[in-house]
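These notes are about the structure you will find just below.
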Amino acid sequence: MWVSDECRNSFMEMKWKKVHRYIVFKIDEKTGLVAVDKVGGAGESYDDLAASLPDDDCRYAVFDFDFVTVDNCRKSKIFFIAWSVPFLRSFSSIKLF
């Protein structure tokens with residue numbers, strides 16, 4: 001399985017430039033290539049990410065979560081999310097696990 005340059009570039013933009021809140025990735029069943037499916041702008045939320053995930057297919061996603069600690073320090077953590085539909089038996093579901 002290969003990852004497209006767009007995936008790497010989008011992730012680096014999210015991590016270093018903070019221009020994306022989340023990125024949703026999909027696997028092309030024909031080529032086995034991981035590609036960007038959707039990019040969420042810096043002003044979007046986790047609810048926007050959840051709404052963008054399909055009900056009938058599997059996806060990977062990364063989400064940049066901003067928070068403030070008890071010491072009043074601003075922090076950011078990037079979470080990896082594996083979105084799976086239990087009844088799906090396609091190539092992307094198999095590769096997901």
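Chain identifiers are assigned as A, B, and so on, following the order in which chains appear in the structure tokens; residues are numbered from 1 within each chain, and ligands are numbered from 1 in order of appearance.
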
Can you build me a table of region 40-71 of chain A residues sitting at most 7 Å from region 13-24 of chain A, with the closest atom pair per residue and its distance in Å to one decimal, using only C-alpha atoms, sorted by chain and residue number, as CSV?
```
residue,atom,partner,partner_atom,distance
A:Gly40,CA,A:Tyr22,CA,5.0
A:Gly41,CA,A:His20,CA,4.7
A:Ala42,CA,A:His20,CA,4.7
A:Glu44,CA,A:Arg21,CA,6.2
A:Leu49,CA,A:Tyr22,CA,6.9
A:Arg59,CA,A:Val24,CA,6.7
A:Tyr60,CA,A:Val24,CA,5.8
A:Ala61,CA,A:Val24,CA,4.3
A:Val62,CA,A:Ile23,CA,5.5
A:Phe63,CA,A:Tyr22,CA,4.4
A:Asp64,CA,A:Arg21,CA,5.3
```

Report task. Just the residues within 8 Å of Lys26 (chain A), please, counting only C-alpha atoms, with nothing from its chain fewer than 4 positions along; format it as a PyMOL selection string. Result -> chain A and resi 34-37+58-60+92

Exercise. Report as a count of residues only: the residues of chain A with a DSSP assignment of alpha helix (DSSP H), based on the backbone of this structure.
Key: 21

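We find CA of Ser10 (chain A) and CA of Phe80 (chain A) to be spaced 14.3 Å apart.
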
Self-check item: All strand (DSSP E) positions in chain A, as a ChimeraX atom specification
Solution: /A:2-3,20-27,33-41,59-68,74-83

Can those selected residues be exported to a file as a short mmCIF file (atom, residue, chain, number, x, y, z; two decimals), in the first residue's frame so that it contains N, CA, C and O atoms?
```cif
data_model
loop_
_atom_site.label_atom_id
_atom_site.label_comp_id
_atom_site.auth_asym_id
_atom_site.auth_seq_id
_atom_site.Cartn_x
_atom_site.Cartn_y
_atom_site.Cartn_z
N TRP A 2 0.53 2.24 -0.78
CA TRP A 2 1.29 3.48 -0.91
C TRP A 2 0.47 4.66 -0.42
O TRP A 2 -0.75 4.64 -0.47
N VAL A 3 1.16 5.69 0.01
CA VAL A 3 0.53 6.92 0.46
C VAL A 3 0.87 8.01 -0.55
O VAL A 3 2.04 8.19 -0.90
N HIS A 20 -5.21 23.21 8.65
CA HIS A 20 -6.30 22.22 8.61
C HIS A 20 -6.63 21.78 10.03
O HIS A 20 -5.75 21.62 10.86
N ARG A 21 -7.91 21.54 10.30
CA ARG A 21 -8.32 20.98 11.59
C ARG A 21 -8.30 19.45 11.52
O ARG A 21 -7.96 18.78 12.47
N TYR A 22 -8.70 18.92 10.36
CA TYR A 22 -8.70 17.47 10.20
C TYR A 22 -8.48 17.10 8.74
O TYR A 22 -8.67 17.92 7.84
N ILE A 23 -8.07 15.85 8.54
CA ILE A 23 -7.90 15.29 7.19
C ILE A 23 -8.51 13.89 7.21
O ILE A 23 -8.25 13.11 8.13
N VAL A 24 -9.32 13.60 6.22
CA VAL A 24 -9.92 12.27 6.07
C VAL A 24 -9.24 11.60 4.88
O VAL A 24 -9.12 12.19 3.81
N PHE A 25 -8.78 10.37 5.09
CA PHE A 25 -8.09 9.61 4.06
C PHE A 25 -8.95 8.42 3.63
O PHE A 25 -9.71 7.88 4.43
N LYS A 26 -8.79 8.02 2.38
CA LYS A 26 -9.47 6.82 1.89
C LYS A 26 -8.49 5.96 1.12
O LYS A 26 -7.45 6.44 0.65
N ILE A 27 -8.81 4.67 0.99
CA ILE A 27 -7.99 3.74 0.23
C ILE A 27 -8.67 3.50 -1.11
O ILE A 27 -9.83 3.10 -1.16
N LEU A 33 -3.80 2.76 -3.17
CA LEU A 33 -3.19 4.03 -2.80
C LEU A 33 -4.04 4.75 -1.77
O LEU A 33 -5.26 4.84 -1.91
N VAL A 34 -3.39 5.24 -0.71
CA VAL A 34 -4.09 6.05 0.29
C VAL A 34 -4.11 7.49 -0.22
O VAL A 34 -3.06 8.05 -0.56
N ALA A 35 -5.30 8.09 -0.29
CA ALA A 35 -5.45 9.44 -0.83
C ALA A 35 -6.29 10.29 0.12
O ALA A 35 -7.03 9.77 0.96
N VAL A 36 -6.19 11.60 -0.04
CA VAL A 36 -6.99 12.53 0.76
C VAL A 36 -8.42 12.53 0.23
O VAL A 36 -8.65 12.69 -0.97
N ASP A 37 -9.37 12.34 1.13
CA ASP A 37 -10.78 12.36 0.77
C ASP A 37 -11.39 13.73 1.07
O ASP A 37 -12.17 14.26 0.29
N LYS A 38 -11.04 14.31 2.23
CA LYS A 38 -11.60 15.61 2.63
C LYS A 38 -10.64 16.27 3.59
O LYS A 38 -9.98 15.61 4.39
N VAL A 39 -10.58 17.60 3.50
CA VAL A 39 -9.76 18.40 4.41
C VAL A 39 -10.67 19.41 5.08
O VAL A 39 -11.44 20.10 4.42
N GLY A 40 -10.58 19.50 6.41
CA GLY A 40 -11.37 20.47 7.16
C GLY A 40 -10.55 21.70 7.48
O GLY A 40 -9.40 21.59 7.91
N GLY A 41 -11.11 22.86 7.27
CA GLY A 41 -10.43 24.11 7.54
C GLY A 41 -10.13 24.30 9.02
O GLY A 41 -10.67 23.60 9.88
N ARG A 59 -12.80 4.75 6.56
CA ARG A 59 -11.89 5.87 6.35
C ARG A 59 -10.88 5.92 7.49
O ARG A 59 -11.10 5.38 8.58
N TYR A 60 -9.77 6.59 7.22
CA TYR A 60 -8.81 6.99 8.25
C TYR A 60 -8.95 8.49 8.39
O TYR A 60 -9.28 9.18 7.43
N ALA A 61 -8.64 9.01 9.57
CA ALA A 61 -8.68 10.46 9.76
C ALA A 61 -7.65 10.86 10.81
O ALA A 61 -7.28 10.06 11.67
N VAL A 62 -7.19 12.09 10.71
CA VAL A 62 -6.38 12.71 11.76
C VAL A 62 -7.07 14.01 12.15
O VAL A 62 -7.61 14.71 11.30
N PHE A 63 -7.07 14.28 13.46
CA PHE A 63 -7.75 15.46 13.98
C PHE A 63 -6.81 16.21 14.91
O PHE A 63 -6.21 15.62 15.81
N ASP A 64 -6.68 17.51 14.70
CA ASP A 64 -5.82 18.36 15.52
C ASP A 64 -6.67 18.98 16.62
O ASP A 64 -7.48 19.86 16.37
N PHE A 65 -6.48 18.50 17.85
CA PHE A 65 -7.29 18.91 18.99
C PHE A 65 -6.54 19.94 19.82
O PHE A 65 -5.45 19.67 20.33
N ASP A 66 -7.09 21.13 19.94
CA ASP A 66 -6.52 22.20 20.76
C ASP A 66 -7.20 22.20 22.13
O ASP A 66 -8.42 22.04 22.22
N PHE A 67 -6.42 22.42 23.19
CA PHE A 67 -6.98 22.47 24.53
C PHE A 67 -6.09 23.33 25.43
O PHE A 67 -4.98 23.69 25.06
N VAL A 68 -6.61 23.66 26.60
CA VAL A 68 -5.88 24.44 27.60
C VAL A 68 -5.71 23.58 28.83
O VAL A 68 -6.68 22.99 29.33
N ARG A 74 -1.71 26.61 26.46
CA ARG A 74 -2.38 26.13 25.25
C ARG A 74 -1.58 24.99 24.66
O ARG A 74 -0.37 25.09 24.48
N LYS A 75 -2.27 23.88 24.38
CA LYS A 75 -1.64 22.68 23.83
C LYS A 75 -2.43 22.20 22.62
O LYS A 75 -3.58 22.57 22.42
N SER A 76 -1.79 21.32 21.86
CA SER A 76 -2.42 20.73 20.68
C SER A 76 -1.94 19.29 20.55
O SER A 76 -0.75 19.02 20.70
N LYS A 77 -2.86 18.38 20.29
CA LYS A 77 -2.53 16.97 20.07
C LYS A 77 -3.22 16.51 18.80
O LYS A 77 -4.37 16.87 18.54
N ILE A 78 -2.53 15.70 18.02
CA ILE A 78 -3.11 15.14 16.80
C ILE A 78 -3.52 13.70 17.09
O ILE A 78 -2.71 12.90 17.55
N PHE A 79 -4.79 13.39 16.82
CA PHE A 79 -5.34 12.06 17.05
C PHE A 79 -5.53 11.35 15.71
O PHE A 79 -5.96 11.95 14.73
N PHE A 80 -5.23 10.06 15.70
CA PHE A 80 -5.48 9.21 14.55
C PHE A 80 -6.77 8.45 14.80
O PHE A 80 -6.97 7.88 15.87
N ILE A 81 -7.66 8.45 13.81
CA ILE A 81 -8.97 7.80 13.94
C ILE A 81 -9.15 6.79 12.81
O ILE A 81 -8.91 7.12 11.65
N ALA A 82 -9.54 5.58 13.16
CA ALA A 82 -9.88 4.55 12.17
C ALA A 82 -11.39 4.40 12.18
O ALA A 82 -11.97 3.93 13.16
N TRP A 83 -12.04 4.84 11.11
CA TRP A 83 -13.50 4.80 10.98
C TRP A 83 -13.86 3.52 10.25
O TRP A 83 -13.46 3.30 9.11
#
```

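Note that CA of Asp28 (chain A) and CA of Cys7 (chain A) are 13.0 Å apart.
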
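Of note, CA of Gly32 (chain A) and CA of Met1 (chain A) are spaced 5.2 Å apart.
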